[in-house]
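Q: Sharing entry13.txt below, compact mmCIF, C-alpha atoms and all ligand atoms:
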```
# COMPACT_ATOMS: atom_id res chain seq x y z
CA MET M 1 10.36 84.34 20.50
CA SER M 2 12.58 86.08 17.93
CA GLY M 3 15.51 88.53 17.92
CA PRO M 4 18.23 88.41 20.61
CA SER M 5 16.31 86.07 22.94
CA ALA M 6 15.81 83.56 20.09
CA ARG M 7 19.52 83.72 19.33
CA ALA M 8 20.46 83.19 22.96
CA ASP M 9 18.09 80.25 23.23
CA LEU M 10 19.38 78.68 20.01
CA THR M 11 23.01 79.23 21.04
CA ALA M 12 22.39 77.49 24.36
CA ARG M 13 20.66 74.61 22.58
CA ALA M 14 23.53 74.24 20.11
CA GLU M 15 26.07 74.20 22.94
CA ARG M 16 24.13 71.56 24.86
CA ALA M 17 23.67 69.40 21.77
CA ASP M 18 27.35 69.59 20.81
CA LEU M 19 28.39 68.70 24.35
CA ALA M 20 26.04 65.71 24.42
CA ASP M 21 26.96 64.52 20.90
CA PRO M 22 28.50 61.02 21.10
CA LEU M 23 30.09 61.58 17.67
CA ALA M 24 31.63 64.97 18.49
CA GLY M 25 35.17 63.55 18.69
CA ILE M 26 34.95 62.10 15.18
CA ARG M 27 35.25 65.61 13.72
CA ASP M 28 38.95 65.53 14.64
CA ARG M 29 39.39 62.80 12.07
CA PHE M 30 38.78 65.45 9.36
CA ASP M 31 40.89 68.34 8.14
CA LEU M 32 38.50 71.26 8.64
CA ASP M 33 38.91 74.93 9.37
CA ASP M 34 36.78 76.50 12.06
CA GLY M 35 36.33 79.68 10.02
CA VAL M 36 34.19 77.87 7.45
CA VAL M 37 30.89 76.06 7.96
CA TYR M 38 31.10 73.28 5.42
CA LEU M 39 27.63 72.08 4.45
CA ASP M 40 28.48 70.60 1.07
CA GLY M 41 29.51 67.12 2.19
CA ASN M 42 26.55 65.85 0.17
CA SER M 43 28.51 66.93 -2.90
CA LEU M 44 32.16 66.51 -1.91
CA GLY M 45 32.91 65.12 1.54
CA ALA M 46 35.64 66.77 3.61
CA LEU M 47 39.19 65.40 3.68
CA PRO M 48 39.84 62.75 6.36
CA ARG M 49 43.20 63.29 8.05
CA SER M 50 44.12 59.66 7.32
CA VAL M 51 44.23 60.26 3.55
CA PRO M 52 47.26 62.46 2.70
CA ALA M 53 49.91 60.23 4.27
CA ARG M 54 48.38 57.14 2.68
CA VAL M 55 48.28 58.73 -0.75
CA ALA M 56 51.87 59.88 -0.31
CA GLU M 57 52.87 56.31 0.54
CA VAL M 58 50.93 54.85 -2.38
CA VAL M 59 52.51 57.29 -4.80
CA GLY M 60 55.97 57.63 -3.31
CA VAL M 61 56.67 54.10 -2.11
CA GLN M 62 54.27 51.69 -3.78
CA TRP M 63 54.27 53.28 -7.20
CA GLY M 64 57.55 55.19 -6.91
CA ARG M 65 59.83 52.49 -5.50
CA MET M 66 58.03 49.15 -5.71
CA ARG M 67 56.43 49.87 -9.07
CA ILE M 68 54.83 46.80 -10.70
CA ARG M 69 55.43 44.63 -7.61
CA SER M 70 52.71 46.56 -5.80
CA TRP M 71 49.96 44.84 -7.80
CA THR M 72 50.65 41.70 -5.83
CA GLU M 73 52.75 42.75 -2.83
CA CYS M 74 50.60 45.71 -1.80
CA GLY M 75 47.21 44.16 -2.55
CA TRP M 76 46.42 46.48 -5.44
CA TRP M 77 44.79 43.76 -7.50
CA GLU M 78 42.22 42.78 -4.85
CA ALA M 79 41.56 46.36 -3.67
CA PRO M 80 38.14 46.67 -5.42
CA GLU M 81 36.72 43.68 -3.52
CA ARG M 82 38.55 44.40 -0.25
CA ILE M 83 37.33 48.00 -0.13
CA GLY M 84 33.88 46.82 -1.19
CA ASP M 85 33.88 44.71 1.96
CA ARG M 86 34.61 47.85 4.00
CA ILE M 87 31.62 49.62 2.44
CA ALA M 88 29.32 46.60 2.82
CA PRO M 89 28.44 47.17 6.50
CA LEU M 90 27.56 50.80 5.75
CA VAL M 91 24.95 49.68 3.22
CA GLY M 92 23.70 46.57 5.00
CA ALA M 93 25.32 44.12 2.59
CA PRO M 94 27.12 40.87 3.42
CA PRO M 95 30.83 40.57 2.61
CA GLY M 96 31.65 39.54 -0.94
CA HIS M 97 28.80 41.39 -2.61
CA VAL M 98 30.08 44.92 -3.06
CA VAL M 99 32.85 45.88 -5.47
CA VAL M 100 34.38 49.32 -5.94
CA GLY M 101 35.29 50.80 -9.28
CA ASP M 102 34.22 53.07 -12.13
CA SER M 103 31.74 55.89 -11.61
CA THR M 104 28.18 55.76 -10.33
CA SER M 105 27.04 56.53 -13.87
CA VAL M 106 28.83 53.46 -15.24
CA ASN M 107 27.48 51.32 -12.42
CA VAL M 108 23.91 52.50 -13.07
CA PHE M 109 24.32 51.26 -16.63
CA ARG M 110 25.85 48.00 -15.41
CA ALA M 111 22.98 47.43 -12.98
CA VAL M 112 20.11 48.29 -15.31
CA VAL M 113 21.42 46.15 -18.17
CA SER M 114 22.08 43.29 -15.73
CA ALA M 115 18.51 43.60 -14.44
CA LEU M 116 17.14 43.58 -17.99
CA ARG M 117 19.13 40.45 -18.80
CA MET M 118 17.70 38.72 -15.71
CA THR M 119 14.11 39.35 -16.75
CA PRO M 120 13.80 38.05 -20.32
CA GLY M 121 10.53 38.81 -22.08
CA ARG M 122 9.99 42.04 -20.16
CA ASN M 123 10.40 45.25 -22.07
CA GLU M 124 10.06 48.20 -19.77
CA VAL M 125 12.30 50.11 -17.38
CA LEU M 126 10.81 52.49 -14.84
CA VAL M 127 13.01 55.33 -13.71
CA ASP M 128 12.55 57.73 -10.84
CA ALA M 129 11.26 60.94 -12.47
CA THR M 130 13.01 63.01 -9.80
CA SER M 131 16.31 61.22 -10.30
CA PHE M 132 19.71 62.81 -10.52
CA PRO M 133 19.89 63.24 -14.32
CA THR M 134 22.75 60.86 -15.02
CA ASP M 135 20.64 57.91 -13.80
CA GLY M 136 17.91 58.77 -16.28
CA TYR M 137 20.35 59.20 -19.16
CA LEU M 138 22.04 55.85 -18.47
CA ALA M 139 18.74 54.04 -17.92
CA ALA M 140 17.53 55.38 -21.27
CA SER M 141 20.64 54.12 -23.02
CA ALA M 142 20.41 50.72 -21.28
CA ALA M 143 16.75 50.41 -22.28
CA ARG M 144 17.51 51.39 -25.89
CA LEU M 145 20.25 48.80 -26.11
CA ALA M 146 17.88 46.10 -24.91
CA GLY M 147 15.01 47.25 -27.14
CA ALA M 148 13.00 48.19 -24.04
CA THR M 149 11.03 51.32 -23.32
CA LEU M 150 11.78 53.74 -20.51
CA ARG M 151 9.09 55.40 -18.43
CA ALA M 152 9.70 58.08 -15.79
CA VAL M 153 7.47 57.81 -12.74
CA GLN M 154 7.36 59.48 -9.34
CA PRO M 155 8.80 57.00 -6.81
CA ASP M 156 5.59 56.86 -4.79
CA ARG M 157 3.71 55.83 -7.97
CA VAL M 158 5.87 52.71 -8.47
CA PRO M 159 3.34 50.37 -6.78
CA ASP M 160 0.68 51.54 -9.27
CA GLU M 161 2.89 51.75 -12.35
CA VAL M 162 5.01 48.59 -12.11
CA GLY M 163 3.53 45.76 -14.15
CA ASP M 164 3.97 42.46 -15.96
CA ASP M 165 6.21 44.04 -18.58
CA THR M 166 8.51 45.88 -16.14
CA ALA M 167 12.01 44.47 -16.05
CA ALA M 168 13.71 46.99 -13.79
CA VAL M 169 12.90 49.92 -11.56
CA LEU M 170 15.68 52.45 -10.89
CA LEU M 171 15.23 54.58 -7.79
CA ASN M 172 17.19 57.10 -5.74
CA HIS M 173 17.14 56.38 -2.02
CA VAL M 174 17.39 60.08 -1.13
CA ASP M 175 16.30 62.72 -3.63
CA TYR M 176 19.34 64.88 -4.43
CA ARG M 177 17.25 68.00 -4.81
CA THR M 178 14.78 67.84 -1.92
CA GLY M 179 16.51 65.45 0.49
CA ARG M 180 13.43 63.23 0.59
CA LEU M 181 14.08 59.64 1.71
CA TRP M 182 12.11 56.93 -0.07
CA ASP M 183 10.88 53.74 1.54
CA MET M 184 13.37 51.14 0.31
CA GLY M 185 11.52 48.21 1.87
CA ALA M 186 8.07 49.05 0.53
CA LEU M 187 9.17 50.09 -2.97
CA THR M 188 11.44 47.07 -3.37
CA ALA M 189 8.63 44.76 -2.27
CA SER M 190 6.20 46.31 -4.74
CA ALA M 191 8.68 45.93 -7.62
CA HIS M 192 9.28 42.32 -6.61
CA SER M 193 5.58 41.55 -6.35
CA ALA M 194 5.31 42.47 -10.06
CA GLY M 195 8.36 40.32 -10.88
CA ALA M 196 10.66 43.29 -11.59
CA ARG M 197 14.22 43.87 -10.36
CA VAL M 198 15.06 46.99 -8.46
CA VAL M 199 18.20 49.15 -8.61
CA TRP M 200 18.79 51.71 -5.87
CA ASP M 201 21.17 54.66 -6.14
CA LEU M 202 22.47 55.22 -2.60
CA SER M 203 24.64 58.25 -3.37
CA HIS M 204 22.77 60.51 -0.94
CA SER M 205 21.96 58.00 1.78
CA ALA M 206 25.01 55.81 2.40
CA GLY M 207 26.99 57.24 5.27
CA THR M 208 24.06 59.07 6.82
CA LEU M 209 21.60 56.32 7.77
CA PRO M 210 21.40 52.54 8.08
CA VAL M 211 20.84 51.29 4.54
CA GLN M 212 19.49 47.75 4.70
CA LEU M 213 20.12 46.20 1.30
CA ASP M 214 20.15 42.62 2.54
CA ARG M 215 17.14 43.01 4.81
CA HIS M 216 15.03 44.46 2.00
CA ARG M 217 16.27 41.92 -0.55
CA VAL M 218 17.41 44.69 -2.90
CA ASP M 219 18.61 43.30 -6.23
CA PHE M 220 21.20 45.89 -7.22
CA ALA M 221 22.58 49.04 -5.66
CA VAL M 222 25.12 51.64 -6.71
CA GLY M 223 26.48 54.76 -5.11
CA CYS M 224 29.28 57.24 -5.07
CA THR M 225 31.97 57.47 -2.42
CA TYR M 226 32.94 61.12 -2.69
CA LYS M 227 29.99 62.48 -0.73
CA TYR M 228 29.29 61.10 2.75
CA LEU M 229 32.03 58.45 2.44
CA ASN M 230 34.65 61.18 1.90
CA GLY M 231 36.68 59.31 -0.72
CA GLY M 232 37.77 62.47 -2.54
CA PRO M 233 36.97 64.09 -5.88
CA GLY M 234 36.11 61.46 -8.47
CA ALA M 235 36.58 58.59 -6.00
CA PRO M 236 35.37 55.31 -7.51
CA ALA M 237 31.79 54.19 -7.00
CA TYR M 238 30.45 50.87 -5.72
CA PHE M 239 28.17 48.19 -7.10
CA PHE M 240 26.15 45.67 -5.07
CA VAL M 241 24.42 42.48 -6.22
CA ARG M 242 22.01 40.47 -4.10
CA PRO M 243 23.77 37.28 -2.98
CA ASP M 244 21.41 34.81 -4.64
CA LEU M 245 21.57 36.73 -7.94
CA LEU M 246 25.34 36.81 -8.17
CA SER M 247 25.82 33.47 -9.88
CA GLY M 248 23.37 34.47 -12.63
CA LEU M 249 24.82 37.97 -13.08
CA ASP M 250 25.46 38.77 -16.74
CA GLN M 251 26.88 42.27 -16.62
CA PRO M 252 27.32 44.29 -19.80
CA LEU M 253 30.95 45.44 -19.30
CA PRO M 254 32.91 42.20 -18.98
CA GLY M 255 36.46 43.46 -19.20
CA TRP M 256 39.59 41.49 -18.56
CA CYS M 257 39.60 42.28 -14.82
CA SER M 258 36.36 40.35 -14.45
CA HIS M 259 37.75 37.31 -16.28
CA ASP M 260 38.26 34.07 -14.40
CA ASP M 261 41.91 34.03 -15.49
CA PRO M 262 42.82 37.63 -16.32
CA PHE M 263 46.50 36.93 -16.89
CA GLY M 264 45.77 33.87 -19.03
CA MET M 265 44.97 36.35 -21.81
CA GLU M 266 42.37 33.99 -23.28
CA PRO M 267 40.57 35.26 -26.36
CA GLY M 268 37.23 34.02 -25.00
CA TYR M 269 35.47 35.43 -21.98
CA ARG M 270 34.83 33.39 -18.84
CA PRO M 271 33.48 35.31 -15.84
CA ALA M 272 35.33 35.17 -12.54
CA ALA M 273 33.58 33.74 -9.53
CA GLY M 274 31.93 36.03 -7.00
CA ILE M 275 31.62 39.79 -7.13
CA THR M 276 34.86 39.99 -9.15
CA LYS M 277 32.74 39.30 -12.22
CA ALA M 278 31.28 42.80 -11.80
CA ARG M 279 34.67 44.43 -12.40
CA THR M 280 35.71 45.77 -15.81
CA GLY M 281 39.17 47.26 -16.35
CA THR M 282 42.24 48.26 -14.37
CA PRO M 283 41.24 49.67 -10.98
CA GLU M 284 41.85 53.36 -10.17
CA ILE M 285 44.52 52.53 -7.60
CA ILE M 286 45.41 55.97 -6.27
CA SER M 287 41.79 57.02 -5.75
CA LEU M 288 40.82 53.56 -4.51
CA LEU M 289 43.48 53.64 -1.85
CA ALA M 290 42.61 57.23 -0.90
CA LEU M 291 39.07 55.93 -0.36
CA ASP M 292 40.44 53.02 1.65
CA ALA M 293 42.18 55.46 3.98
CA ALA M 294 39.10 57.70 4.12
CA LEU M 295 37.00 54.79 5.35
CA ASP M 296 39.16 54.73 8.51
CA ALA M 297 37.00 57.68 9.61
CA TRP M 298 34.21 55.12 10.15
CA ASP M 299 36.17 52.94 12.57
CA GLY M 300 34.00 52.27 15.61
CA VAL M 301 31.20 54.54 14.39
CA ASP M 302 27.65 53.35 15.08
CA ILE M 303 25.44 54.11 12.06
CA GLU M 304 22.35 54.35 14.31
CA GLN M 305 24.05 57.21 16.15
CA VAL M 306 24.90 58.78 12.81
CA ARG M 307 21.23 58.67 11.81
CA ALA M 308 20.08 60.09 15.15
CA LYS M 309 22.56 62.95 14.84
CA SER M 310 21.61 63.60 11.22
CA LEU M 311 17.93 63.96 12.12
CA ALA M 312 18.74 66.12 15.14
CA LEU M 313 21.06 68.40 13.12
CA THR M 314 18.60 68.90 10.28
CA ASP M 315 15.71 69.44 12.74
CA PHE M 316 17.76 72.01 14.60
CA PHE M 317 18.75 73.81 11.40
CA LEU M 318 15.12 73.97 10.28
CA ASP M 319 14.15 75.34 13.68
CA CYS M 320 16.91 77.97 13.49
CA VAL M 321 15.75 79.00 10.00
CA HIS M 322 12.15 79.14 11.18
CA ARG M 323 13.06 81.42 14.06
CA LEU M 324 15.69 83.63 12.46
CA VAL M 325 14.49 84.08 8.88
CA PRO M 326 11.34 86.19 8.45
CA ALA M 327 8.28 84.13 7.48
CA GLY M 328 7.67 83.66 3.76
CA VAL M 329 11.19 84.45 2.59
CA VAL M 330 12.27 80.82 2.19
CA THR M 331 10.23 77.66 1.61
CA ASN M 332 11.38 74.37 3.04
CA ARG M 333 11.46 71.56 0.41
CA THR M 334 12.65 68.80 2.76
CA PRO M 335 10.25 66.52 4.66
CA THR M 336 10.14 67.40 8.35
CA ASP M 337 9.30 63.83 9.42
CA GLN M 338 11.76 60.92 9.37
CA TRP M 339 11.48 60.59 5.57
CA ARG M 340 14.49 62.71 4.85
CA GLY M 341 18.19 62.14 4.37
CA SER M 342 20.85 64.41 5.79
CA GLN M 343 20.27 67.58 3.83
CA VAL M 344 17.91 70.51 4.00
CA SER M 345 16.75 72.17 0.81
CA LEU M 346 15.23 75.61 0.91
CA SER M 347 13.78 77.56 -1.99
CA CYS M 348 14.00 81.29 -2.26
CA ALA M 349 14.11 84.05 -4.85
CA ASP M 350 17.49 84.56 -6.48
CA ALA M 351 18.87 81.39 -4.92
CA ALA M 352 22.10 81.38 -6.95
CA THR M 353 23.04 84.86 -5.67
CA VAL M 354 22.03 83.99 -2.13
CA MET M 355 24.32 80.95 -2.16
CA LYS M 356 27.19 83.03 -3.54
CA SER M 357 26.75 85.48 -0.66
CA LEU M 358 26.62 82.65 1.87
CA ILE M 359 29.84 81.18 0.51
CA ALA M 360 31.49 84.60 0.64
CA ARG M 361 30.56 84.69 4.35
CA GLY M 362 32.02 81.26 5.03
CA VAL M 363 28.89 79.11 4.85
CA VAL M 364 29.34 76.62 2.03
CA GLY M 365 26.29 74.87 0.65
CA ASP M 366 25.26 74.69 -2.98
CA HIS M 367 22.59 75.80 -5.39
CA ARG M 368 20.53 73.59 -7.69
CA PRO M 369 18.41 75.20 -10.39
CA PRO M 370 16.03 76.80 -10.43
CA ASP M 371 15.67 78.00 -6.84
CA VAL M 372 17.06 75.44 -4.39
CA LEU M 373 19.66 76.11 -1.69
CA ARG M 374 21.08 72.79 -0.49
CA PHE M 375 22.67 72.36 2.91
CA GLY M 376 24.23 68.95 3.56
CA PHE M 377 24.80 67.92 7.17
CA ALA M 378 27.54 65.28 7.20
CA PRO M 379 27.01 63.83 10.68
CA LEU M 380 30.63 62.80 11.22
CA TYR M 381 31.92 66.36 11.21
CA THR M 382 29.08 68.87 11.34
CA ARG M 383 28.31 70.52 14.67
CA PHE M 384 25.06 71.99 15.95
CA ALA M 385 26.94 75.30 16.25
CA ASP M 386 27.57 75.08 12.49
CA ALA M 387 23.85 74.66 11.83
CA LEU M 388 23.12 77.76 13.90
CA ARG M 389 25.83 79.82 12.22
CA ALA M 390 24.52 78.79 8.80
CA ALA M 391 20.97 79.86 9.68
CA GLU M 392 22.16 83.14 11.18
CA THR M 393 24.24 83.88 8.10
CA LEU M 394 21.32 83.00 5.84
CA ALA M 395 19.06 85.35 7.79
CA GLY M 396 21.68 88.08 7.41
CA VAL M 397 22.06 87.57 3.65
CA LEU M 398 18.30 87.50 3.09
CA ALA M 399 17.83 90.67 5.13
CA GLU M 400 20.09 92.63 2.77
C1 LIG M 501 22.14 60.41 -7.04
C2 LIG M 501 23.39 60.59 -7.85
N1 LIG M 501 23.75 59.65 -8.72
C3 LIG M 501 24.86 59.79 -9.48
C4 LIG M 501 25.65 60.91 -9.35
C5 LIG M 501 26.87 61.16 -10.20
O1 LIG M 501 27.53 60.07 -10.56
P1 LIG M 501 29.01 60.13 -11.18
O2 LIG M 501 29.92 59.88 -10.03
O3 LIG M 501 29.00 59.09 -12.19
O4 LIG M 501 29.26 61.49 -11.73
C6 LIG M 501 25.33 61.89 -8.43
C7 LIG M 501 26.21 63.07 -8.29
O5 LIG M 501 26.03 63.95 -7.52
C8 LIG M 501 24.17 61.73 -7.67
O6 LIG M 501 23.79 62.68 -6.82
```
Will you turn the file into structure tokens for me?
Ligand SMILES: Cc1ncc(COP(=O)(O)O)c(C=O)c1O
A:
Amino acid sequence: MSGPSARADLTARAERADLADPLAGIRDRFDLDDGVVYLDGNSLGALPRSVPARVAEVVGVQWGRMRIRSWTECGWWEAPERIGDRIAPLVGAPPGHVVVGDSTSVNVFRAVVSALRMTPGRNEVLVDATSFPTDGYLAASAARLAGATLRAVQPDRVPDEVGDDTAAVLLNHVDYRTGRLWDMGALTASAHSAGARVVWDLSHSAGTLPVQLDRHRVDFAVGCTYKYLNGGPGAPAYFFVRPDLLSGLDQPLPGWCSHDDPFGMEPGYRPAAGITKARTGTPEIISLLALDAALDAWDGVDIEQVRAKSLALTDFFLDCVHRLVPAGVVTNRTPTDQWRGSQVSLSCADAATVMKSLIARGVVGDHRPPDVLRFGFAPLYTRFADALRAAETLAGVLAE
């Protein structure tokens, strides 16, 4: 079935799915305009309505009127750990093992060097060859600093490539380009069976599916908060350490905010207890507290329902594309089974121009070189009707 009958069928399916969606009401927690289909939440999440008033209060009252008192009276000093505890359930971590601060890039470096220091005598770091580039750059620098070598491998080759000399394996949970989801349990177990530590970058999975750091005994994890956690542009990243590794953590950026007595101004370094020892310098208070407010969007949300909706939305979008776009014009790069995150990546000729035309028509995704169109389906605010409109618009652009 194609043409008008396909459209009518898809429209009816979208309406039914939106009506039955248990998360449909959560969309109201976001500031969105109905004229635009926003499918770039895998790059910059939409603005939660809870954020502007909170930021205004932080700036106007806490900074503006209370000034320095806010470090203690408004909980600024403990915000990195407190907000880490709000992220912990979204990544399957126990309280007290996630801290928020710095960028994902910095936290990749922190994690890889920490892993190297925990595995003395081992001289190799394996890095996901398909990784978002910053992870590879930072892993290379961490390895160089430790006198180790860096080897890029495909994630599914880790069980064959990890060996006696491997100190750390750095992997991306969901591939930023293709949307492929990697098996955290199996790959962590294979790294562990060779005696290596594993670092996962959760930037494209947290907030779309149940991440089970504790269950899989993951050693370190990092991730950004400005995508599916909606913390805002440049929102601080998070860093997780496995509970039984925390006491032995020797992180490479031991600034004064990770000191046991930061206001004692001691010349010598003594690490703080707990996850505080993974902090470095003064926390980014305005962005941290914007993130804190953004996390209110998750109140009462069941991550299993989020995952079910994410799979249903991406399935439906792929079906719409299959039925509305003539065969052979686009190639799907995203797995069609459950091994995918919450994005669909399609390749086509002249992808950069196609994405520009889509954006001009109110369908916002993004383009990654050389030929990938990325469509992110943030389950908290994307509707099935949006998926259909995106596919219809894509079919229209490609027909021109
Ligand atoms: C997987 C992954 N890691 C890291 C980053 C970027 O990290 P940073 O926040 O340090 O720029 C991104 C950005 O999109 C990403 O997709």
Q: Quick one: pull the distance between atom CA of Arg361 of chain M and atom CA of Glu400 of chain M, Å, one decimal.
A: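 Computing the Euclidean distance for atom CA of Arg361 of chain M and atom CA of Glu400 of chain M yields 13.2 Å.
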Q: Return as a ChimeraX atom specification the residues of protein, DNA or RNA that approach ligand LIG 501 (chain M) to within 7 Å, with all atoms listed in the file taken into account.
A: /M:43,103-106,131-132,134-135,172,176,201-204,223-224,234,237
Q: If you take all atoms listed in the file and a cut-off of 12 Å, which residues of segment 158-211 of chain M touch segment 378-383 of chain M, and what are their nearest atom pairs and distances in Å to one decimal, in chain and number order, as a tab-separated table?
A:
```
residue	atom	partner	partner_atom	distance
M:His204	CA	M:Ala378	CA	10.6
M:Ser205	CA	M:Ala378	CA	10.7
M:Ala206	CA	M:Ala378	CA	10.9
M:Gly207	CA	M:Ala378	CA	8.3
M:Thr208	CA	M:Pro379	CA	6.8
M:Leu209	CA	M:Pro379	CA	9.7
```
Q: Write out as an MDAnalysis selection string the residues lying within 8 Å of Arg29 of chain M, counting only C-alpha atoms and excluding same-chain residues fewer than 5 positions away.
A: chainID M and resid 48:50 297
Q: I'd like the interatomic distance between atom CA of Tyr238 of chain M and atom CA of Gly84 of chain M, to a tenth of an Å.
A: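 For atom CA of Tyr238 of chain M relative to atom CA of Gly84 of chain M, the distance reads 7.0 Å.
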Q: Which centre and which edge lengths, in Å to one decimal, describe the axis-aligned box that holds all listed atoms of segment 85-98 of chain M after 3 Å is added on each side, as lines of an AutoDock Vina configuration file?
A:
```
center_x = 29.2
center_y = 45.2
center_z = 1.7
size_x = 16.9
size_y = 17.3
size_z = 15.6
```
Q: Using Å and a single decimal, report how far atom CA of Phe316 of chain M sits from atom CA of Gly328 of chain M.
A: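 So the two atoms, atom CA of Gly328 of chain M and atom CA of Phe316 of chain M, lie 18.8 Å apart.
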Q: List every protein, DNA or RNA residue that has at least one atom no more than 12 Å from (20.7, 68.5, 13.4) in the file's coordinates, counting all atoms listed in the file, and write the result as a ChimeraX atom specification.
A: /M:13-14,17-18,21,39,208,306-320,336,341-344,375-388,390-391
Q: Would you mind listing what lies within 10 Å of Thr276 of chain M as a PyMOL selection string, with all atoms listed in the file counted and same-chain residues fewer than 5 positions away left out?
A: chain M and resi 78+80-81+96-100+257-260+271
Q: Write out as a CSV table (one decimal) with C-alpha atoms, in the coordinates of the input the residues lying within 7 Å of Val127 of chain M, counting only C-alpha atoms and excluding same-chain residues fewer than 6 positions away.
A:
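Contents of result-v1.csv, as written:
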```csv
chain,number,residue,atom,x,y,z
M,136,GLY,CA,17.9,58.8,-16.3
M,151,ARG,CA,9.1,55.4,-18.4
M,152,ALA,CA,9.7,58.1,-15.8
M,153,VAL,CA,7.5,57.8,-12.7
M,169,VAL,CA,12.9,49.9,-11.6
M,170,LEU,CA,15.7,52.4,-10.9
M,171,LEU,CA,15.2,54.6,-7.8
```
Q: Quick one: residues within 9 Å of Leu213 of chain M, all atoms listed in the file counted, chain neighbours fewer than 6 positions away excluded, as a PyMOL selection string?
A: chain M and resi 91-93+184-185+219-221+240+242
Q: Rank M:Cys74, M:Leu246, M:Ala167, M:Ala351 by their smallest atom-to-atom distance to Leu116 of chain M, using only C-alpha atoms, and report the top residue only.
A: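 Ranking M:Cys74, M:Leu246, M:Ala167, M:Ala351 by distance to Leu116 of chain M, first place goes to M:Ala167.
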Q: I need the residue nearest Pro95 of chain M from this list: M:Gly231, M:Pro243, M:Gly195, M:Gly163. Use all atoms listed in the file for the distance.
A: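 Looking only at the distances to Pro95 of chain M, the closest residue turns out to be M:Pro243.
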Q: Identify, on the basis of all atoms listed in the file, every residue whose closest approach to Thr166 of chain M does not exceed 12 Å; exclude the query and any residue fewer than 4 positions from it along the same chain; express the result as number ranges by chain.
A: M: 112, 115-116, 118-127, 143, 148-151, 158-162, 170, 190-198
Q: Kindly indicate which residue among M:Val321, M:Val329, M:Gly362, M:Ile286 lies nearest to Glu57 of chain M, using only C-alpha atoms for the distances.
A: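 Of M:Val321, M:Val329, M:Gly362, M:Ile286, the one nearest Glu57 of chain M is M:Ile286, counting only C-alpha atoms.
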